[in-house]
Amino acid sequence: MASLNTLRTKFGVVLSIIIAFALLAFILSLKTEMGFSGNDPRVGVIDGEKINYSEYYDQYEQIKAQNNVQESDEQQSAMLANAVWQSLIAKYVYTPGFERLGLRVTESERMAMASGQQPSQTFYNAFTDPRTGQYSVDAINQFLAQAETNPQAAQMWSQLNEQACMEREMQKFFGLIKGGVYVNSLEVAQGVKGANETFSGKWIGKKFASVPDSLVSVSSSDLKAYYNSHKDQFKQTPSRTLSYVVFEVSPTDDDLLALEKNAAEVGRNFAVAEDVKAFVRGNRNGHVAENYVTAAQLSDEEAKALMAGEMYGPVLKNNEWTMARVLESKVAPDSIGIRHIVLPYTQEALADSLLTVARQGGDFAALASQYSVYDATAANGGDVGVLPFSSFTGEFVEKLAGVKTGDIFKIASGDAIQLMQIYRTGKPTKHLQVASITYPVEASAATRRDIHNQAGSFMVNAKGSSEAFADAASEAAVTPRVATLTQGDRTIRGLDDSRDVARWAYGAKKGDVSEIFSVGKDYVIAMLTDIDDDDYASLQKVAAQVRAQVLRDKKYDYILNELSGSTLDEQAKSLGSEVGDFSGVAYGAFYIDGIGVEPRLVGAIASSEKGALSAPVKGLSGLYIFQVDDIQTSEKQTAEGEKVRAQAMAEGMAQQFALPAVQQMADIQDLRGKYF
C-alpha cells in the first residue's frame with residue numbers, strides 16, 4: 001500500500017527536476033531579519049515576469065510542508081535552491097510555451113499514465129512495488145482512498161499529476177525538436193568521404209610566435225575595428241568585480257606554547273582519572289566513541305598503548321593535541337553476517353510470534369520477505385550482508401558481542417523492532433571502546449582579537465578609493481585578490497564559506513568597502529570595484545584578448561608578405577623553414593603530428609585535390625601551405641551507416657541545446673544572490 005509517508009519518501013525523487021525541495025538553511029528567517037515588512041523585493045525576472053521574494057519563499061514553504069524536507073548543508077542547499085529556480089522557469093517559460101505550441105496532455109493521456117498504459121517515470125517512481133519492481137495500480141487506488149479524507153495526500157496527488165503532465169509535455173517538445181532534424185544526402189556523402197579517406201603529403205609553415213611583436217604595429221583603431229566586427233564573441237552576463245583581502249588567523253608562538261602546556265596538564269589528570277567517561281564528558285574537547293575498534297583500525301602508536309591498557313598521548317598529530325584511553329574492551333567476532341526483519345515498535349506481538357517461528361526452524365528469509373517493512377532488505381530475504389563488529393553501536397554491541405552462527409534474537413531500537421539471524425561469524429578479536437580528548441592547534445581568543453583589530457584598522461584606512469584600499473593593504477602586509485561574481489553566483493570562487501561576502505557585493509555600490517566578514521577561521525574585507533550590467537564586455541575589459549587576436553592577424557599578413565615562390569621548396573626557403581611530411585590525416589582528426597592542434601588546416605587538407613598546391617591557411621598558431629601527394633580510401637563507413645550516425649548525433653545535439661536556447665530567449669535575470 002502506498003501510504004502517505006511512503007509516497008512522501010519516494011516523491012522526493014519525483015520532484016528533483018522541476019519542483020524543488022528546499023532553499024537555504026537560513027531562508028526561514030529572512031523575511032523579518034532583512035526588514036522586508038511592507039516591501040517585496042525582486043529576486044529575478046523570467047521572460048518578463050517579476051519574481052518577488054514572497055513567491056520564491058512561499059513556494060519553498062509549500063514544498064517543505066508537503067515533503068517533510070529537512071534543512072541541508074551548504075552544498076546541498078545550493079543545489080536545492082537552483083532546483084527551486086528551475087521550477088519557476090518551468091512555470092513562466094516552459095508551460096506557457098507548450099501551450100502556445102499546442103502541446104497539451106489530455107485527460108485520457110493522464111489516465112493512461114496513471115494506469116501504466118503510457119509509461120511515466122513520475123508515477124513509476126512513486127507507485128512501484130520495490131519487492132517486485134512492478135508498477136502497482138492497486139497502490140494508486142489505495143493512495144487515492146487516503147486522499148479522499150486527507151488534504152495533504154490530495155495535494156500531493158495533485159502535485160504528482162502536475163509533474164507527470166510536465167514530464168509528458170517535455171517528451172512531446174523533445175519529439176518536435178527531434179522530428180525537425182534532418183540529415184541530407186550531401187551531408188551523408190561528405191560524412192562517408194570524411195570517414196573513409198586519409199591524406200598524406202608535404203607541408204611548410206611559420207609560427208606566429210616566431211615573428212617578434214615589434215615587427216608589427218597594433219593601433220587603437222585596429223583594436224576597435226576587430227572588437228566591433230566580432231562583438232558577438234564578447235556577449236556577457238551581468239557581473240560585479242571586487243577586490244578583497246584575507247587576514248589569516250594563525251596561532252602565534254605563545255599560543256602554541258600555551259596549547260602544549262594545557263594539553264600536558266590535561267593529559268596528567270586524564271592519566272590518573274578513575275572515572276574515564278565522566279572526565280572526558282566533562283571536557284568540552286572530549287569524545288566518547290560509540291563503536292568499538294580493533295588494533296588494525298588504530299595507528300601503530302595508538303594500538304601499542306591502548307591494547308596494553310595504557311594512555312595514548314598527549315601527542316601532536318594532524319595539527320591537534322590528542323590523548324586517549326580505553327573505556328571498555330570486548331572480544332567479539334571481527335565480522336558478522338546478518339539477516340533481519342524490521343517491524344514497527346507497535347507490532348511487538350507479531351515480532352514475538354515470528355521469533356518463535358524462526359527459532360523453531362521457520363524460513364527466516366521467507367519471513368523477512370513477507371513481513372519486514374524495510375523494503376531495501378526485505379526484497380533480498382532480509383540479508384544485511386557481512387558487516388564488521390566495529391560498525392555497530394548502542395544496544396547492538398551488547399547483543400552481538402557474543403553471538404554464534406545460527407543465533408536468532410530480538411532487538412528494540414528507536415521506533416522499530418528488529419529480529420536478527422546470524423548466518424556467519426568471523427574470528428574472535430579484541431575490540432576497544434576509546435575515549436579521547438583533542439585540542440586543535442588554533443589561535444587564542446587574544447590573538448583573534450588582535451587580528452580582528454588589525455582588520456578593523458584596515459577597513460577604516462581602505463575607504464575612499466581603490467588607491468586607498470591598495471595602500472591600506474600594503475601597510476597591513478596583506479595582498480589584495482580580485483574576484484568576479486556573475487549574475488546567479490552565490491559564492492566567491494576560491495573562498496570557502498563566502499556566501500555573506502557575495503550577498504554584500506550584490507547590494508553594494510561601486511567603491512563601497514565591506515564590514516569584516518568571518519570566513520572560516522579568517523577575516524575578509526572587500527571593496528566593490530566594478531559593476532558591469534552591459535550586454536557586451538567593453539573593449540577595455542577584453543583588450544588583452546582582442547590585442548592577441550589582432551596580433552595574430554597582423555603576423556599572418558606579415559608572413560604572407562614574406563612568402564614567395566611557386567613550389568613548396570621555394571616557399572619554404574622564402575619563410576626560412578623546411579618541408580615536412582604529414583600522413584594519416586582524416587577529416588575527423590584534430591591533431592597533426594609535427595604541427596599540433598590545427599582544425600582549420602585539417603579541414604583544408606581533407607577537402608583538397610591530389611597534387612594541388614594549397615593556398616595559405618591561417619591556423620591557430622601559424623601560416624601553413626601543403627600539397628596532398630596521396631589519398632587512401634577504405635570502406636570503414638557506408639552511406640546507410642553514416643546516415644544513422646549523423647542523424648543520431650544531430651538529434652542528440654538538438655535536444656541537448658533546446659532548453660538552454662529557450663532559456664536564453666526568455667532573457668532570465670537571476671538576482672537571488674542579494675538575498676539568499
# chains A, B, ... in the order shown; residues from 1 in each chain; ligands from 1
$ residues_around --residues "Ser621 of chain A" --least-positions-apart "3" --cutoff "9 Å" --atoms "only C-alpha atoms" --output "list in words"
Lys206, Lys207, Phe208, Ala209, Arg552, Gly596, Val597, Glu598 and Lys618 of chain A
$ write_last_selection --atoms "N, CA and C atoms" --output "compact mmCIF listing (two decimals), in the first residue's frame"
# COMPACT_ATOMS: atom_id res chain seq x y z
N LYS A 206 55.04 28.65 -40.86
CA LYS A 206 55.79 29.50 -39.96
C LYS A 206 54.87 29.92 -38.82
N LYS A 207 55.35 29.74 -37.60
CA LYS A 207 54.55 30.05 -36.42
C LYS A 207 54.49 31.56 -36.18
N PHE A 208 53.34 32.00 -35.71
CA PHE A 208 53.18 33.42 -35.38
C PHE A 208 54.16 33.84 -34.29
N ALA A 209 54.44 32.91 -33.37
CA ALA A 209 55.32 33.24 -32.25
C ALA A 209 56.74 33.54 -32.70
N ARG A 552 47.78 38.25 -34.01
CA ARG A 552 47.82 37.05 -34.84
C ARG A 552 47.52 37.40 -36.30
N GLY A 596 50.50 20.10 -34.58
CA GLY A 596 49.71 20.34 -33.39
C GLY A 596 48.23 20.40 -33.70
N VAL A 597 47.48 21.07 -32.82
CA VAL A 597 46.03 21.18 -32.97
C VAL A 597 45.73 22.31 -33.94
N GLU A 598 45.31 21.95 -35.14
CA GLU A 598 45.01 22.94 -36.18
C GLU A 598 43.78 22.49 -36.97
N LYS A 618 45.40 30.15 -42.65
CA LYS A 618 45.63 30.82 -41.37
C LYS A 618 45.17 29.89 -40.25
$ residues_around --residues "Ser108 of chain A" --least-positions-apart "5" --cutoff "12 Å" --atoms "only C-alpha atoms" --output "list in words"
Met113, Ala114, Ser115, Gln117, Gln118 and Cys165 of chain A
$ select_by_dssp --residues "segment 213-302 of chain A" --states "strand (DSSP E)" --output "PyMOL selection string"
chain A and resi 239-247+286-288
$ residues_around --residues "Val579 of chain A" --least-positions-apart "4" --cutoff "9 Å" --atoms "only C-alpha atoms" --output "mmCIF file with N, CA and C atoms, in the first residue's frame"
data_model
loop_
_atom_site.group_PDB
_atom_site.id
_atom_site.type_symbol
_atom_site.label_atom_id
_atom_site.label_comp_id
_atom_site.auth_asym_id
_atom_site.auth_seq_id
_atom_site.Cartn_x
_atom_site.Cartn_y
_atom_site.Cartn_z
ATOM 1 N N LYS A 202 52.997 16.786 -48.044
ATOM 2 C CA LYS A 202 54.060 17.622 -47.500
ATOM 3 C C LYS A 202 53.480 18.977 -47.092
ATOM 4 N N TRP A 203 54.165 19.631 -46.151
ATOM 5 C CA TRP A 203 53.692 20.924 -45.677
ATOM 6 C C TRP A 203 54.864 21.821 -45.312
ATOM 7 N N ILE A 204 54.601 23.119 -45.332
ATOM 8 C CA ILE A 204 55.538 24.095 -44.792
ATOM 9 C C ILE A 204 54.739 25.075 -43.940
ATOM 10 N N GLY A 205 55.389 25.806 -43.112
ATOM 11 C CA GLY A 205 54.675 26.779 -42.294
ATOM 12 C C GLY A 205 55.604 27.626 -41.463
ATOM 13 N N LEU A 568 56.642 24.222 -53.122
ATOM 14 C CA LEU A 568 56.807 24.157 -51.664
ATOM 15 C C LEU A 568 58.240 24.459 -51.258
ATOM 16 N N ASP A 569 59.202 23.923 -51.997
ATOM 17 C CA ASP A 569 60.606 24.156 -51.650
ATOM 18 C C ASP A 569 60.946 25.640 -51.719
ATOM 19 N N ALA A 572 59.157 27.434 -48.870
ATOM 20 C CA ALA A 572 59.822 27.137 -47.600
ATOM 21 C C ALA A 572 61.071 27.986 -47.434
#
$ residues_around --residues "Gln647 of chain A" --least-positions-apart "6" --cutoff "8 Å" --atoms "only C-alpha atoms" --output "ChimeraX atom specification"
/A:181-183
$ residues_around --residues "Pro480 of chain A" --least-positions-apart "2" --cutoff "9 Å" --atoms "only C-alpha atoms" --output "PyMOL selection string"
chain A and resi 243-246+469-470+473-474+478+482+526
$ closest_residue --among "A:Gly565, A:Ala258, A:Asp275, A:Glu635" --to "Leu613 of chain A" --atoms "only C-alpha atoms"
A:Gly565
$ residues_around --residues "segment 463-466 of chain A" --least-positions-apart "6" --cutoff "10 Å" --atoms "only C-alpha atoms" --output "PyMOL selection string"
chain A and resi 243+472+510-514+527-529
$ write_last_selection --atoms "all heavy atoms" --output "compact mmCIF listing (two decimals), in the first residue's frame"
# COMPACT_ATOMS: atom_id res chain seq x y z
N SER A 243 37.57 43.55 -5.03
CA SER A 243 38.91 43.29 -4.52
C SER A 243 38.77 42.99 -3.04
O SER A 243 38.00 43.66 -2.34
CB SER A 243 39.80 44.51 -4.75
OG SER A 243 41.11 44.28 -4.26
N ALA A 472 46.25 50.71 1.97
CA ALA A 472 45.97 50.10 3.27
C ALA A 472 46.42 48.65 3.29
O ALA A 472 46.94 48.15 4.30
CB ALA A 472 44.47 50.19 3.58
N LYS A 510 29.46 50.77 -6.16
CA LYS A 510 30.85 50.81 -6.58
C LYS A 510 31.65 51.71 -5.64
O LYS A 510 31.25 52.83 -5.34
CB LYS A 510 30.95 51.33 -8.02
CG LYS A 510 32.37 51.33 -8.57
CD LYS A 510 32.39 51.77 -10.02
CE LYS A 510 33.81 51.80 -10.57
NZ LYS A 510 33.85 52.20 -11.99
N GLY A 511 32.76 51.19 -5.13
CA GLY A 511 33.61 51.94 -4.20
C GLY A 511 33.34 51.64 -2.75
O GLY A 511 34.12 52.04 -1.88
N ASP A 512 32.24 50.92 -2.44
CA ASP A 512 31.93 50.58 -1.05
C ASP A 512 32.96 49.60 -0.50
O ASP A 512 33.44 48.70 -1.21
CB ASP A 512 30.54 49.95 -0.94
CG ASP A 512 29.43 50.97 -1.06
OD1 ASP A 512 29.74 52.17 -1.12
OD2 ASP A 512 28.24 50.57 -1.08
N VAL A 513 33.28 49.76 0.78
CA VAL A 513 34.14 48.83 1.50
C VAL A 513 33.27 48.09 2.50
O VAL A 513 32.46 48.69 3.21
CB VAL A 513 35.29 49.56 2.22
CG1 VAL A 513 36.08 48.59 3.09
CG2 VAL A 513 36.21 50.22 1.20
N SER A 514 33.42 46.79 2.57
CA SER A 514 32.54 45.96 3.39
C SER A 514 32.91 46.02 4.86
O SER A 514 33.94 46.57 5.26
CB SER A 514 32.63 44.50 2.93
OG SER A 514 33.85 43.91 3.35
N MET A 527 36.20 45.34 -1.27
CA MET A 527 35.76 46.59 -1.90
C MET A 527 35.13 46.24 -3.25
O MET A 527 35.71 45.47 -4.03
CB MET A 527 36.91 47.56 -2.11
CG MET A 527 36.55 48.73 -3.04
SD MET A 527 37.88 49.91 -3.29
CE MET A 527 37.60 51.03 -1.91
N LEU A 528 33.95 46.78 -3.52
CA LEU A 528 33.33 46.58 -4.82
C LEU A 528 33.96 47.57 -5.80
O LEU A 528 33.83 48.78 -5.66
CB LEU A 528 31.82 46.81 -4.75
CG LEU A 528 31.04 46.41 -6.00
CD1 LEU A 528 31.10 44.91 -6.21
CD2 LEU A 528 29.60 46.87 -5.92
N THR A 529 34.66 47.04 -6.79
CA THR A 529 35.42 47.89 -7.71
C THR A 529 34.72 48.13 -9.04
O THR A 529 35.07 49.08 -9.75
CB THR A 529 36.80 47.28 -7.98
OG1 THR A 529 36.62 45.95 -8.51
CG2 THR A 529 37.61 47.20 -6.69
$ closest_residue --among "A:Ala508, A:Ala365, A:Ile336, A:Ala376" --to "Pro388 of chain A" --atoms "only C-alpha atoms"
A:Ile336
$ select_by_dssp --residues "segment 409-481 of chain A" --states "alpha helix (DSSP H)" --output "list of chain:residue names"
A:Ala445, A:Ala446, A:Thr447, A:Arg448, A:Arg449, A:Asp450, A:Ile451, A:His452, A:Asn453, A:Gln454, A:Ala455, A:Gly456, A:Ser457, A:Phe458, A:Met459, A:Val460, A:Asn461, A:Ala462, A:Ser466, A:Glu467, A:Ala468, A:Phe469, A:Ala470, A:Asp471, A:Ala472, A:Ala473, A:Ser474, A:Glu475, A:Ala476
$ closest_residue --among "A:Ile592, A:Ala586, A:Ala324, A:Val550" --to "Ser608 of chain A" --atoms "only C-alpha atoms"
A:Ala586
$ closest_residue --among "A:Gly194, A:Gly382, A:Gly584, A:Pro428" --to "Val331 of chain A" --atoms "only C-alpha atoms"
A:Pro428
$ residues_around --residues "Arg42 of chain A" --least-positions-apart "5" --cutoff "7 Å" --atoms "only C-alpha atoms" --output "JSON, numbers by chain"
{"A": [50, 51, 52, 53]}
$ closest_residue --among "A:Thr484, A:Gln637, A:Thr447, A:Thr241" --to "Asp522 of chain A" --atoms "only C-alpha atoms"
A:Thr447
$ closest_residue --among "A:Lys573, A:Lys224, A:Arg240, A:Lys277" --to "Lys509 of chain A" --atoms "only C-alpha atoms"
A:Arg240
